[in-house]
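Structure file run_12.tsv; described as TSV, C-alpha atoms.
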chain	number	residue	atom	x	y	z
N	10	MET	CA	16.99	-22.21	-8.35
N	11	SER	CA	14.48	-24.00	-6.14
N	12	ASP	CA	14.15	-27.80	-5.91
N	13	ALA	CA	10.82	-27.56	-7.78
N	14	GLU	CA	12.44	-25.66	-10.64
N	15	SER	CA	15.38	-28.10	-10.91
N	16	LYS	CA	13.17	-31.19	-11.33
N	17	PRO	CA	12.31	-32.40	-14.85
N	18	VAL	CA	8.88	-31.23	-16.00
N	19	VAL	CA	6.46	-34.07	-16.70
N	20	GLY	CA	5.29	-33.84	-20.30
N	21	ALA	CA	7.94	-31.32	-21.34
N	22	TRP	CA	8.35	-30.90	-25.07
N	23	GLU	CA	11.60	-32.15	-26.60
N	24	VAL	CA	13.49	-29.45	-28.48
N	25	LEU	CA	14.66	-30.88	-31.79
N	26	GLU	CA	16.12	-27.70	-33.20
N	27	SER	CA	16.69	-24.18	-31.86
N	28	ASP	CA	17.68	-21.18	-33.98
N	29	GLU	CA	18.56	-17.82	-32.45
N	30	LEU	CA	17.08	-15.02	-34.55
N	31	TYR	CA	18.16	-11.96	-32.55
N	32	ARG	CA	20.07	-11.11	-29.36
N	33	ASN	CA	20.87	-8.02	-27.28
N	34	PRO	CA	21.99	-7.73	-23.63
N	35	TYR	CA	18.42	-7.94	-22.29
N	36	PHE	CA	16.70	-10.53	-24.47
N	37	ALA	CA	17.10	-13.05	-27.25
N	38	PHE	CA	14.50	-14.25	-29.74
N	39	ARG	CA	14.59	-17.84	-30.94
N	40	ARG	CA	12.59	-20.27	-33.07
N	41	GLU	CA	12.35	-23.88	-31.94
N	42	THR	CA	11.13	-27.10	-33.50
N	43	CYS	CA	9.65	-29.28	-30.75
N	44	MET	CA	8.24	-32.78	-30.35
N	45	LEU	CA	5.22	-33.10	-28.05
N	46	PRO	CA	4.75	-36.12	-25.73
N	47	ASN	CA	2.39	-37.71	-28.30
N	48	GLU	CA	5.15	-37.27	-30.94
N	49	ARG	CA	3.40	-34.50	-32.86
N	50	ILE	CA	5.91	-31.97	-34.23
N	51	MET	CA	5.55	-28.24	-33.58
N	52	PRO	CA	7.50	-26.84	-36.54
N	53	ALA	CA	8.03	-23.27	-35.25
N	54	TYR	CA	7.55	-22.09	-31.66
N	55	TYR	CA	8.90	-18.62	-30.95
N	56	VAL	CA	10.40	-17.79	-27.56
N	57	TRP	CA	11.71	-14.59	-26.00
N	58	GLU	CA	14.58	-15.46	-23.68
N	59	MET	CA	14.57	-12.52	-21.26
N	60	VAL	CA	16.36	-11.44	-18.09
N	61	ASP	CA	14.31	-11.57	-14.89
N	62	TRP	CA	12.32	-8.54	-13.77
N	63	VAL	CA	11.55	-7.09	-10.34
N	64	ASN	CA	8.57	-5.25	-8.85
N	65	VAL	CA	8.82	-3.34	-5.58
N	66	VAL	CA	5.63	-2.83	-3.59
N	67	ALA	CA	6.85	0.15	-1.60
N	68	LEU	CA	5.20	1.75	1.43
N	69	THR	CA	6.11	4.83	3.43
N	70	GLY	CA	6.16	4.65	7.21
N	71	GLU	CA	2.64	6.10	7.16
N	72	GLY	CA	1.38	3.28	4.94
N	73	ARG	CA	1.09	5.11	1.63
N	74	LEU	CA	2.05	3.27	-1.55
N	75	ILE	CA	4.88	4.73	-3.64
N	76	LEU	CA	3.79	4.28	-7.25
N	77	VAL	CA	5.01	5.38	-10.66
N	78	ASN	CA	2.68	6.79	-13.30
N	79	GLN	CA	4.35	5.66	-16.51
N	80	TYR	CA	3.63	6.03	-20.22
N	81	ARG	CA	3.69	2.71	-22.12
N	82	HIS	CA	4.04	3.37	-25.82
N	83	ALA	CA	2.85	-0.03	-27.12
N	84	ALA	CA	-0.52	0.55	-25.42
N	85	LYS	CA	-0.32	4.32	-26.02
N	86	ASN	CA	-1.54	4.96	-22.49
N	87	ARG	CA	-0.34	5.75	-18.98
N	88	PHE	CA	-0.35	3.13	-16.23
N	89	VAL	CA	-0.01	3.38	-12.46
N	90	GLU	CA	2.59	0.78	-11.52
N	91	PHE	CA	4.85	-0.49	-8.77
N	92	PRO	CA	8.46	0.65	-9.27
N	93	GLY	CA	10.53	-1.98	-11.00
N	94	GLY	CA	12.41	-3.08	-14.06
N	95	THR	CA	14.99	-5.54	-15.30
N	96	THR	CA	18.00	-6.99	-13.60
N	97	GLU	CA	21.30	-5.81	-15.09
N	98	PRO	CA	22.88	-8.81	-16.85
N	99	ALA	CA	26.28	-7.15	-17.34
N	100	SER	CA	26.83	-6.76	-13.59
N	101	ASN	CA	25.39	-10.14	-12.45
N	102	GLU	CA	23.03	-8.12	-10.27
N	103	SER	CA	20.90	-10.08	-7.79
N	104	HIS	CA	17.14	-9.68	-7.70
N	105	GLU	CA	17.36	-7.85	-4.37
N	106	GLN	CA	20.02	-5.48	-5.68
N	107	ALA	CA	17.84	-4.77	-8.71
N	108	ALA	CA	14.84	-4.08	-6.50
N	109	ARG	CA	16.77	-1.58	-4.37
N	110	ARG	CA	18.26	0.11	-7.44
N	111	GLU	CA	14.98	0.39	-9.34
N	112	LEU	CA	13.15	1.82	-6.32
N	113	ARG	CA	15.84	4.46	-5.81
N	114	GLU	CA	16.18	5.34	-9.50
N	115	GLU	CA	12.47	5.59	-10.29
N	116	THR	CA	11.21	7.23	-7.09
N	117	GLY	CA	14.09	8.67	-5.05
N	118	TYR	CA	13.10	6.43	-2.10
N	119	VAL	CA	15.08	3.76	-0.25
N	120	PRO	CA	13.55	1.02	1.91
N	121	GLY	CA	13.84	0.65	5.66
N	122	GLN	CA	13.10	-3.06	5.27
N	123	LEU	CA	12.98	-5.19	2.12
N	124	HIS	CA	11.27	-8.59	2.04
N	125	TYR	CA	11.00	-11.10	-0.81
N	126	LEU	CA	7.37	-12.09	-1.46
N	127	GLY	CA	7.69	-14.54	-4.35
N	128	MET	CA	7.62	-14.58	-8.12
N	129	HIS	CA	5.32	-15.10	-11.09
N	130	TYR	CA	5.80	-15.67	-14.81
N	131	PRO	CA	4.85	-12.59	-16.89
N	132	ASN	CA	3.91	-14.47	-20.07
N	133	PRO	CA	4.96	-18.17	-20.07
N	134	GLY	CA	3.47	-18.81	-23.51
N	135	LEU	CA	6.10	-16.55	-25.08
N	136	GLN	CA	8.71	-15.53	-22.48
N	137	ASP	CA	10.93	-17.61	-20.17
N	138	ASN	CA	11.63	-14.97	-17.52
N	139	ARG	CA	10.17	-14.36	-14.06
N	140	MET	CA	8.92	-11.33	-12.15
N	141	HIS	CA	10.30	-11.23	-8.58
N	142	VAL	CA	8.19	-9.26	-6.10
N	143	TYR	CA	9.53	-7.44	-3.03
N	144	LEU	CA	7.82	-5.57	-0.22
N	145	ALA	CA	9.68	-2.41	0.81
N	146	THR	CA	8.47	-0.82	4.06
N	147	ASP	CA	9.31	2.35	6.00
N	148	CYS	CA	10.63	3.89	2.79
N	149	GLU	CA	12.25	7.32	2.99
N	150	ARG	CA	12.89	9.82	0.24
N	151	VAL	CA	16.61	10.52	-0.10
N	152	GLY	CA	16.67	12.53	-3.32
N	153	GLU	CA	15.26	13.04	-6.77
N	154	PRO	CA	14.61	10.09	-9.10
N	155	THR	CA	17.46	9.35	-11.52
N	156	LEU	CA	15.56	8.22	-14.60
N	157	ASP	CA	16.86	6.72	-17.80
N	158	PRO	CA	16.89	9.26	-20.67
N	159	PHE	CA	13.68	7.95	-22.23
N	160	GLU	CA	11.62	7.04	-19.16
N	161	ASP	CA	8.39	9.04	-18.85
N	162	ILE	CA	7.57	8.62	-15.15
N	163	GLU	CA	5.83	10.61	-12.42
N	164	VAL	CA	5.90	9.49	-8.77
N	165	GLU	CA	2.60	9.23	-6.88
N	166	LEU	CA	1.97	8.59	-3.17
N	167	VAL	CA	-1.39	6.86	-2.87
N	168	GLU	CA	-3.42	5.50	0.03
N	169	VAL	CA	-3.83	1.72	-0.20
N	170	ALA	CA	-7.64	1.95	-0.28
N	171	ASP	CA	-7.49	4.55	-3.06
N	172	PHE	CA	-5.12	2.34	-5.07
N	173	LEU	CA	-7.51	-0.61	-4.82
N	174	ASP	CA	-10.38	1.67	-5.87
N	175	MET	CA	-8.50	2.73	-9.02
N	176	PHE	CA	-9.17	-0.61	-10.66
N	177	GLN	CA	-12.92	-0.22	-10.11
N	178	GLN	CA	-12.98	3.25	-11.65
N	179	GLY	CA	-11.88	2.38	-15.18
N	180	ARG	CA	-8.21	3.28	-14.93
N	181	PRO	CA	-5.95	1.26	-17.28
N	182	ILE	CA	-4.83	-1.98	-15.67
N	183	HIS	CA	-1.32	-3.39	-16.03
N	184	ALA	CA	-1.68	-7.17	-15.65
N	185	LEU	CA	1.78	-7.61	-14.12
N	186	MET	CA	0.89	-5.15	-11.37
N	187	MET	CA	-2.27	-7.09	-10.57
N	188	ALA	CA	-0.28	-10.35	-10.35
N	189	SER	CA	2.27	-8.70	-8.04
N	190	LEU	CA	-0.53	-7.17	-5.96
N	191	SER	CA	-2.02	-10.63	-5.40
N	192	LEU	CA	1.29	-11.70	-3.83
N	193	ALA	CA	1.72	-8.50	-1.86
N	194	LEU	CA	-1.77	-7.74	-0.55
N	195	PRO	CA	-1.58	-9.86	2.64
N	196	ALA	CA	1.78	-8.25	3.53
N	197	ILE	CA	0.44	-4.77	2.73
N	198	LYS	CA	-2.53	-5.30	5.06
N	199	LYS	CA	-0.29	-6.67	7.82
N	200	PHE	CA	2.08	-3.70	7.60
N	201	CYS	CA	-0.71	-1.13	7.56
N	202	ALA	CA	-2.37	-2.81	10.55
N	203	SER	CA	0.89	-2.41	12.50
N	204	ILE	CA	1.00	1.39	12.06
N	205	PRO	CA	-0.14	3.17	15.24
N	206	ASN	CA	-3.13	5.44	14.86
N	207	PRO	CA	-2.03	9.09	14.91
N	208	THR	CA	-2.72	10.83	18.22

Full structure transcribed into structure tokens:
Amino acid sequence: MSDAESKPVVGAWEVLESDELYRNPYFAFRRETCMLPNERIMPAYYVWEMVDWVNVVALTGEGRLILVNQYRHAAKNRFVEFPGGTTEPASNESHEQAARRELREETGYVPGQLHYLGMHYPNPGLQDNRMHVYLATDCERVGEPTLDPFEDIEVELVEVADFLDMFQQGRPIHALMMASLSLALPAIKKFCASIPNPT
């Protein structure tokens, strides 16, 4: 936890009562009664307490993005995404370990280098978890993806320029990918600029 995260939040609501409604290994759902700074009472605020997530912005040595084309049932559509997923709470897995595992499982690739880029909050009005973003460079394919039984994923290698164009051509946009891209874009450009032109 950073110094900024450990400091008290100015104007934080006081929790008067908290009732857990549901729990499984990956998230809990609770209802809280809160008092605002002006002493108004919020009678029922619902919160998903969730494990942290990771996104891996992965590039081959040639500068192509390694993406996953994944069906998302709630939206009933397919989305082009960065590989990623949840940390494993049962194993006390670190964010970096989760990033390496998710990249390997979903794509069959492993990184030559892995760098932490930062984090963002997926939905702070409802969820308390964070999305941690990593840049994986010089990735090499070491085998087939090892997907969970109900994952519906296809791996795509895409040029960076083509990926950026996707969002101007009406393809469905996953907001978490756009937030991660905003953190990763400077590092993507720097890495691609370092690749020698083919002779």

Give one line per residue of region 19-67 of chain N that approaches region 116-132 of chain N to at most 9 Å, naming the two atoms of the closest pair and their distance in Å to one decimal, counting only C-alpha atoms; sort by chain then ascending residue number and deliver it as a tab-separated table.
residue	atom	partner	partner_atom	distance
N:Val63	CA	N:Met128	CA	8.7
N:Val65	CA	N:Leu123	CA	8.9
N:Ala67	CA	N:Pro120	CA	7.6

Worksheet entry | For CA of Pro195 (chain N) and CA of Arg81 (chain N), the interatomic separation in Å (one decimal) |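 Between these atoms lies a distance of 28.3 Å.
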
Item to complete: Write out as a list in words each polymer residue whose atoms come within 9 Å of region 98-108 of chain N, counting only C-alpha atoms; drop sequence neighbours fewer than 5 positions from it.
Response: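 The filter keeps Pro34, Tyr35, Val60, Asp61, Trp62, Val63, Asn64, Val65, Pro92, Gly93, Arg113, Leu123, His124, Tyr125, His141, Val142 and Tyr143 of chain N.
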
Using C-alpha atoms, can you export the residues from the last selection as an mmCIF file, in the frame of the given file?
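So the final result, stored in result19.cif, reads:
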data_model
loop_
_atom_site.group_PDB
_atom_site.id
_atom_site.type_symbol
_atom_site.label_atom_id
_atom_site.label_comp_id
_atom_site.auth_asym_id
_atom_site.auth_seq_id
_atom_site.Cartn_x
_atom_site.Cartn_y
_atom_site.Cartn_z
ATOM 1 C CA PRO N 34 21.990 -7.730 -23.630
ATOM 2 C CA TYR N 35 18.420 -7.940 -22.290
ATOM 3 C CA VAL N 60 16.360 -11.440 -18.090
ATOM 4 C CA ASP N 61 14.310 -11.570 -14.890
ATOM 5 C CA TRP N 62 12.320 -8.540 -13.770
ATOM 6 C CA VAL N 63 11.550 -7.090 -10.340
ATOM 7 C CA ASN N 64 8.570 -5.250 -8.850
ATOM 8 C CA VAL N 65 8.820 -3.340 -5.580
ATOM 9 C CA PRO N 92 8.460 0.650 -9.270
ATOM 10 C CA GLY N 93 10.530 -1.980 -11.000
ATOM 11 C CA ARG N 113 15.840 4.460 -5.810
ATOM 12 C CA LEU N 123 12.980 -5.190 2.120
ATOM 13 C CA HIS N 124 11.270 -8.590 2.040
ATOM 14 C CA TYR N 125 11.000 -11.100 -0.810
ATOM 15 C CA HIS N 141 10.300 -11.230 -8.580
ATOM 16 C CA VAL N 142 8.190 -9.260 -6.100
ATOM 17 C CA TYR N 143 9.530 -7.440 -3.030
#

Worksheet, complete the sentence: Students should find that CA of Pro52 (chain N) and CA of Asp137 (chain N) are spaced 19.1 Å

Discussion item. Rounded to one decimal, what separation in Å do you get between CA of Leu192 (chain N) and CA of Glu90 (chain N)?
Written reply: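 Here the two named atoms are 14.7 Å from each other.
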
Region 93-115 of chain N rebuilt with N, CA and C atoms, output as a compact mmCIF listing (two decimals), in the coordinates of the input:
# COMPACT_ATOMS: atom_id res chain seq x y z
N GLY N 93 9.89 -0.72 -10.64
CA GLY N 93 10.53 -1.98 -11.00
C GLY N 93 11.19 -1.90 -12.35
N GLY N 94 11.74 -3.03 -12.77
CA GLY N 94 12.41 -3.08 -14.06
C GLY N 94 13.19 -4.37 -14.19
N THR N 95 14.21 -4.34 -15.03
CA THR N 95 14.99 -5.54 -15.30
C THR N 95 16.22 -5.61 -14.41
N THR N 96 16.68 -6.82 -14.19
CA THR N 96 18.00 -6.99 -13.60
C THR N 96 19.04 -6.61 -14.64
N GLU N 97 20.23 -6.23 -14.17
CA GLU N 97 21.30 -5.81 -15.09
C GLU N 97 22.21 -7.00 -15.38
N PRO N 98 22.10 -7.60 -16.57
CA PRO N 98 22.88 -8.81 -16.85
C PRO N 98 24.39 -8.58 -16.86
N ALA N 99 24.84 -7.39 -17.24
CA ALA N 99 26.28 -7.15 -17.34
C ALA N 99 26.96 -7.16 -15.98
N SER N 100 26.22 -6.84 -14.92
CA SER N 100 26.83 -6.76 -13.59
C SER N 100 26.51 -7.96 -12.71
N ASN N 101 25.83 -8.98 -13.25
CA ASN N 101 25.39 -10.14 -12.45
C ASN N 101 24.63 -9.69 -11.20
N GLU N 102 23.79 -8.70 -11.37
CA GLU N 102 23.03 -8.12 -10.27
C GLU N 102 22.02 -9.13 -9.73
N SER N 103 21.91 -9.21 -8.40
CA SER N 103 20.90 -10.08 -7.79
C SER N 103 19.53 -9.43 -7.90
N HIS N 104 18.49 -10.23 -7.67
CA HIS N 104 17.14 -9.68 -7.70
C HIS N 104 16.96 -8.61 -6.63
N GLU N 105 17.50 -8.84 -5.44
CA GLU N 105 17.36 -7.85 -4.37
C GLU N 105 18.09 -6.56 -4.72
N GLN N 106 19.29 -6.67 -5.28
CA GLN N 106 20.02 -5.48 -5.68
C GLN N 106 19.24 -4.70 -6.74
N ALA N 107 18.64 -5.43 -7.67
CA ALA N 107 17.84 -4.77 -8.71
C ALA N 107 16.64 -4.06 -8.11
N ALA N 108 16.00 -4.69 -7.13
CA ALA N 108 14.84 -4.08 -6.50
C ALA N 108 15.22 -2.78 -5.80
N ARG N 109 16.32 -2.79 -5.05
CA ARG N 109 16.77 -1.58 -4.37
C ARG N 109 17.14 -0.49 -5.38
N ARG N 110 17.84 -0.87 -6.45
CA ARG N 110 18.26 0.11 -7.44
C ARG N 110 17.07 0.72 -8.17
N GLU N 111 16.13 -0.12 -8.60
CA GLU N 111 14.98 0.39 -9.34
C GLU N 111 14.13 1.32 -8.48
N LEU N 112 13.92 0.96 -7.21
CA LEU N 112 13.15 1.82 -6.32
C LEU N 112 13.81 3.19 -6.18
N ARG N 113 15.12 3.19 -5.96
CA ARG N 113 15.84 4.46 -5.81
C ARG N 113 15.82 5.27 -7.10
N GLU N 114 16.09 4.61 -8.23
CA GLU N 114 16.18 5.34 -9.50
C GLU N 114 14.83 5.93 -9.92
N GLU N 115 13.77 5.15 -9.77
CA GLU N 115 12.47 5.59 -10.29
C GLU N 115 11.73 6.53 -9.34
